[in-house]
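A.B. asks: Structure below; questions to follow.
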Amino acid sequence: CSVVGIYGNENASKLCFYSLFAMQHRGQEAAGISSSDGIHIKTVKDRGLVTQIFKEEHFNILKGNMAIGHTRYSTAGDDSILDAQPVFARYGLGEISIAHNGNLVNAKEIRDELIKIGAIFQSNMDTENLIHLIAKNHQKPTLKERIIDAVKKIKGAFSLVILSRTKMFAIRDPFGFRPLSLGKIKSGGYIVASETCAFELVGAEFIRDIKPGEMITFENGELKSEMIFNPTPKQCIFEYIYFARPDSNIFGKNVYSIRKQMGRELAKEMPVEADMVVPVPDSGVAAALGYSEESGIPFEMAIMRNHYVGRTFIEPTQEIRDLKVKMKLSPIKHKIEGKRLVVIDDSIVRGTTSRRIVRMLKEAGAKEVHMRIASPATTGPCYYGVDTPTKEELIASRLSTDEIAKYIEADSLAYLSIDGLVRAVKDKKENYCFACFDGNYPIL
Ligand code: 5GP
Ligand code: SF4
Ligand code: MG
């Protein structure tokens, strides 16, 4: 998912819209915006893509100089309109709206407790827990105190933006699993967003990342920072591998450069004799460029991508995923006939994409197809907001690399090692989460 918050700009909801458009890759199921004019919060949200949902007339409803937004891809809850965000509620202190990127690991316990004492839920989202925790905390008189109490009860991954009628809050969990950056908008006010690619579009300058464990309060035209948790950074390495957009700077580093470096490390670790390096578009392009530069094997865009098909991974059933890979990718036959190819992708999850691609390239006349994956083998699910399937569905949890190579019908298959990945990121290993690759889950 992605979140955005705009504070102190007369076009707040429009700027939210553009930001969500820039971050559409982080979720295509649903999107929404809440804005406040200081008196009431209004929300427009629906299933579908950002440009399908928002029409000019919505911006007459979404008035005010502060707004928050969300694009959704479900990791908790259902693919239903009730599960679109921001989540809005009226409660004892007025009105509130919340947008959340991440996934809570203790959502069920909290929900069961809340239901026991009479809470009713409208959705399956873990985010709704937060609203209840805030609303029922009569001990604390201010919203800010209630928010702090509430986020101390939840566990897991949360990059949050919260809107009240007159304030906005941005919070990152102590692990900092999901990114969240702060910027200054040239036409006035501030922006917080999951990815800095949103800043470019709305004309904002990057100030800094919001720190793991930090809360920023936007009030009376100003912002105030405080640490509400003791930080224990475990930032998601998969943001670099696949999730974030290459032009974004995530956790202080440019995603494109890191992906390219991953390709270079992969070429050093897992060389192969071949005639050309071919990326699986779009997710393998940067790594393939790095692999090509490092190995000296020429780079060719020998697989075309049809851009009118969305991300295949998000489709709910295997049949549709299979068909969609075919609709999405097709080979440039005369380029690859009789050639030995190194095909680079960012990751293998279920193996659907790689298997289909190898078959397609062989049918098109490739002499050899060597798959090189610019990440380690995905052996475990993510509990922190990336929608990897269950352990059983992950091909690398059941099969060895050689067995996977056979299954996808490749002449060889190799992955980047965790050490190679760390070298590419050029940062302290302990600041990152690698759990879906090494099984070391920071919190369960
Ligand atoms: P597979 O076909 O092996 O199940 O999935 C691998 C493909 O899905 C890769 O091309 C990769 O770019 C993409 N992918 C990997 N992980 C994710 C994810 O968490 N979400 C989405 N949307 N796509 C992913
Ligand atoms: Fe990221 Fe994997 Fe950790 Fe999930 S388990 S936060 S995808 S590194
Ligand atoms: Mg891909």
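Chain identifiers are assigned as A, B, and so on, following the order in which chains appear in the structure tokens; residues are numbered from 1 within each chain, and ligands are numbered from 1 in order of appearance.
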Write as an MDAnalysis selection string the residues around ligand 2, taking 9 Å as the cut-off and counting only C-alpha atoms and all ligand atoms.
C.D. replies: chainID A and resid 102 157 177:178 234:239 243 378 380:388 432:442
A.B. asks: Which residues of chain A come within 7 Å of ligand 3, and what is each one's closest atom pair and distance in Å (one decimal), counting only C-alpha atoms and all ligand atoms, sorted by chain and residue number, as a Markdown table?
C.D. replies:
```
| residue | atom | partner | partner_atom_place_in_ligand_line | distance |
| --- | --- | --- | --- | --- |
| A:Val280 | CA | ligand 3 | 1 (Mg) | 6.4 |
| A:Pro281 | CA | ligand 3 | 1 (Mg) | 6.5 |
| A:Asp282 | CA | ligand 3 | 1 (Mg) | 6.2 |
| A:Ser283 | CA | ligand 3 | 1 (Mg) | 4.5 |
| A:Gly284 | CA | ligand 3 | 1 (Mg) | 6.6 |
| A:Asp345 | CA | ligand 3 | 1 (Mg) | 6.5 |
| A:Asp346 | CA | ligand 3 | 1 (Mg) | 6.6 |
```
A.B. asks: Pick out the residues sitting within 9 Å of range 202-204 of chain A, and hand them over as a VMD selection string; count only C-alpha atoms, and ignore anything fewer than 3 positions along from it in its own chain.
C.D. replies: chain A and resid 15 to 16 18 to 19 183 to 187 190 to 191 198 to 199
A.B. asks: Store the residues picked out above, limited to N, CA and C atoms, as a compact mmCIF listing (two decimals), in the first residue's frame.
C.D. replies:
```
# COMPACT_ATOMS: atom_id res chain seq x y z
N LEU A 15 -3.29 17.50 -4.46
CA LEU A 15 -1.91 17.04 -4.32
C LEU A 15 -1.86 15.60 -3.81
N CYS A 16 -2.83 15.25 -2.98
CA CYS A 16 -2.96 13.84 -2.55
C CYS A 16 -3.21 12.96 -3.77
N TYR A 18 -2.43 13.45 -6.92
CA TYR A 18 -1.22 13.27 -7.74
C TYR A 18 -0.22 12.35 -7.06
N SER A 19 -0.12 12.48 -5.75
CA SER A 19 0.81 11.62 -5.01
C SER A 19 0.39 10.16 -5.12
N GLY A 183 8.53 15.91 3.21
CA GLY A 183 9.00 16.91 2.25
C GLY A 183 8.31 18.25 2.45
N LYS A 184 8.88 19.26 1.81
CA LYS A 184 8.29 20.61 1.86
C LYS A 184 7.77 20.95 0.48
N ILE A 185 6.53 21.34 0.42
CA ILE A 185 5.92 21.64 -0.88
C ILE A 185 6.23 23.08 -1.27
N LYS A 186 6.69 23.25 -2.52
CA LYS A 186 7.12 24.60 -2.92
C LYS A 186 5.96 25.59 -2.89
N SER A 187 4.75 25.13 -3.24
CA SER A 187 3.61 26.04 -3.23
C SER A 187 3.00 26.18 -1.84
N TYR A 190 3.45 21.00 3.83
CA TYR A 190 4.30 19.81 3.94
C TYR A 190 3.62 18.59 3.33
N ILE A 191 4.47 17.63 2.98
CA ILE A 191 3.96 16.35 2.49
C ILE A 191 4.67 15.22 3.24
N ALA A 198 6.47 10.59 -5.20
CA ALA A 198 5.31 11.50 -5.07
C ALA A 198 5.77 12.95 -4.96
N PHE A 199 6.93 13.18 -4.35
CA PHE A 199 7.41 14.55 -4.14
C PHE A 199 7.68 15.24 -5.48
```
A.B. asks: Got a sec: who's within 12 Å of range 396-405 of chain A, counting only C-alpha atoms, leaving out chain neighbours fewer than 3 positions off, as a ChimeraX atom specification?
C.D. replies: /A:347-352,354-355,358,369-373,376-381,389-393,408-416,436-439
A.B. asks: Let's have the selection written as a tab-separated table (two decimals), in the first residue's frame, with N, CA and C atoms.
C.D. replies:
```tsv
chain	number	residue	atom	x	y	z
A	347	SER	N	12.65	-11.44	-8.58
A	347	SER	CA	12.33	-12.45	-7.57
A	347	SER	C	11.50	-13.56	-8.18
A	348	ILE	N	11.52	-14.72	-7.51
A	348	ILE	CA	10.60	-15.80	-7.86
A	348	ILE	C	9.74	-16.03	-6.63
A	349	VAL	N	8.45	-16.03	-6.83
A	349	VAL	CA	7.54	-16.22	-5.70
A	349	VAL	C	6.90	-17.61	-5.82
A	350	ARG	N	5.93	-17.73	-6.70
A	350	ARG	CA	5.32	-19.04	-6.93
A	350	ARG	C	6.00	-19.79	-8.07
A	351	GLY	N	6.74	-19.06	-8.89
A	351	GLY	CA	7.40	-19.67	-10.04
A	351	GLY	C	6.60	-19.53	-11.33
A	352	THR	N	5.43	-18.97	-11.24
A	352	THR	CA	4.56	-18.83	-12.42
A	352	THR	C	5.23	-18.02	-13.52
A	354	SER	N	8.44	-17.10	-14.06
A	354	SER	CA	9.67	-17.65	-14.63
A	354	SER	C	9.37	-18.84	-15.54
A	355	ARG	N	8.49	-19.71	-15.11
A	355	ARG	CA	8.18	-20.91	-15.90
A	355	ARG	C	7.60	-20.52	-17.25
A	358	VAL	N	10.41	-18.85	-19.48
A	358	VAL	CA	11.38	-19.79	-20.05
A	358	VAL	C	10.73	-20.52	-21.23
A	369	VAL	N	18.39	-20.95	-21.85
A	369	VAL	CA	17.83	-19.90	-21.00
A	369	VAL	C	18.34	-20.11	-19.57
A	370	HIS	N	19.15	-19.15	-19.11
A	370	HIS	CA	19.69	-19.20	-17.75
A	370	HIS	C	19.01	-18.13	-16.92
A	371	MET	N	18.26	-18.54	-15.91
A	371	MET	CA	17.57	-17.55	-15.07
A	371	MET	C	18.51	-17.11	-13.95
A	372	ARG	N	18.60	-15.80	-13.78
A	372	ARG	CA	19.36	-15.24	-12.67
A	372	ARG	C	18.42	-14.29	-11.93
A	373	ILE	N	18.32	-14.50	-10.62
A	373	ILE	CA	17.35	-13.76	-9.82
A	373	ILE	C	18.09	-12.81	-8.90
A	376	PRO	N	17.66	-13.19	-3.00
A	376	PRO	CA	17.76	-14.58	-2.53
A	376	PRO	C	16.42	-15.30	-2.73
A	377	ALA	N	16.42	-16.61	-2.56
A	377	ALA	CA	15.19	-17.39	-2.71
A	377	ALA	C	14.18	-16.99	-1.64
A	378	THR	N	12.95	-16.72	-2.05
A	378	THR	CA	11.89	-16.35	-1.11
A	378	THR	C	11.35	-17.61	-0.45
A	379	THR	N	11.68	-17.79	0.82
A	379	THR	CA	11.31	-19.04	1.49
A	379	THR	C	10.23	-18.88	2.54
A	380	GLY	N	9.89	-17.65	2.89
A	380	GLY	CA	8.86	-17.46	3.91
A	380	GLY	C	7.95	-16.30	3.58
A	381	PRO	N	6.75	-16.30	4.14
A	381	PRO	CA	5.82	-15.20	3.89
A	381	PRO	C	6.24	-13.94	4.63
A	389	PRO	N	2.52	-14.97	-0.68
A	389	PRO	CA	1.54	-15.99	-0.32
A	389	PRO	C	2.01	-16.84	0.87
A	390	THR	N	1.21	-17.83	1.22
A	390	THR	CA	1.57	-18.71	2.35
A	390	THR	C	2.85	-19.47	2.02
A	391	LYS	N	3.49	-20.00	3.04
A	391	LYS	CA	4.73	-20.73	2.88
A	391	LYS	C	4.60	-21.86	1.85
A	392	GLU	N	3.48	-22.57	1.90
A	392	GLU	CA	3.26	-23.71	0.99
A	392	GLU	C	3.29	-23.26	-0.47
A	393	GLU	N	2.78	-22.08	-0.74
A	393	GLU	CA	2.72	-21.59	-2.12
A	393	GLU	C	4.06	-21.07	-2.63
A	408	ILE	N	10.90	-24.83	-13.73
A	408	ILE	CA	10.70	-23.72	-14.66
A	408	ILE	C	11.35	-24.01	-16.03
A	409	GLU	N	11.94	-25.19	-16.16
A	409	GLU	CA	12.52	-25.66	-17.42
A	409	GLU	C	13.67	-24.78	-17.91
A	410	ALA	N	14.43	-24.23	-16.96
A	410	ALA	CA	15.58	-23.40	-17.32
A	410	ALA	C	16.85	-24.26	-17.40
A	411	ASP	N	17.81	-23.85	-18.21
A	411	ASP	CA	19.07	-24.58	-18.30
A	411	ASP	C	19.88	-24.40	-17.02
A	412	SER	N	19.73	-23.27	-16.37
A	412	SER	CA	20.29	-23.11	-15.03
A	412	SER	C	19.51	-22.02	-14.32
A	413	LEU	N	19.66	-22.03	-13.00
A	413	LEU	CA	18.98	-21.03	-12.18
A	413	LEU	C	19.91	-20.69	-11.02
A	414	ALA	N	20.03	-19.40	-10.72
A	414	ALA	CA	20.81	-19.01	-9.54
A	414	ALA	C	20.25	-17.71	-8.98
A	415	TYR	N	20.40	-17.59	-7.66
A	415	TYR	CA	19.90	-16.41	-6.94
A	415	TYR	C	21.08	-15.58	-6.41
A	416	LEU	N	20.80	-14.33	-6.12
A	416	LEU	CA	21.76	-13.48	-5.40
A	416	LEU	C	21.78	-13.94	-3.94
A	436	CYS	N	11.75	-12.83	4.86
A	436	CYS	CA	11.18	-13.73	3.85
A	436	CYS	C	12.28	-14.52	3.13
A	437	PHE	N	13.54	-14.12	3.35
A	437	PHE	CA	14.68	-14.85	2.75
A	437	PHE	C	15.44	-15.70	3.77
A	438	ASP	N	15.51	-15.22	5.02
A	438	ASP	CA	16.34	-15.96	5.99
A	438	ASP	C	15.56	-16.47	7.21
A	439	GLY	N	14.27	-16.16	7.28
A	439	GLY	CA	13.44	-16.69	8.36
A	439	GLY	C	13.64	-15.99	9.71
```
A.B. asks: Please list as a ChimeraX atom specification every residue within 9 Å of Thr196 in chain A, counting only C-alpha atoms and excluding residues in the same chain fewer than 5 positions away.
C.D. replies: /A:180-183,206,247-250
A.B. asks: Calculated over only C-alpha atoms and all ligand atoms, which of the candidates A:Ser36, A:Asn137, A:Gln28, A:Ser417 has the smallest distance to ligand 1?
C.D. replies: A:Gln28
A.B. asks: Select, from A:Met23, A:Ile110, A:Ile120, A:Ala170, the residue with the minimum atom-to-atom distance to Lys153 in chain A, counting only C-alpha atoms.
C.D. replies: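 Smallest distance to Lys153 in chain A is found for A:Ile110.
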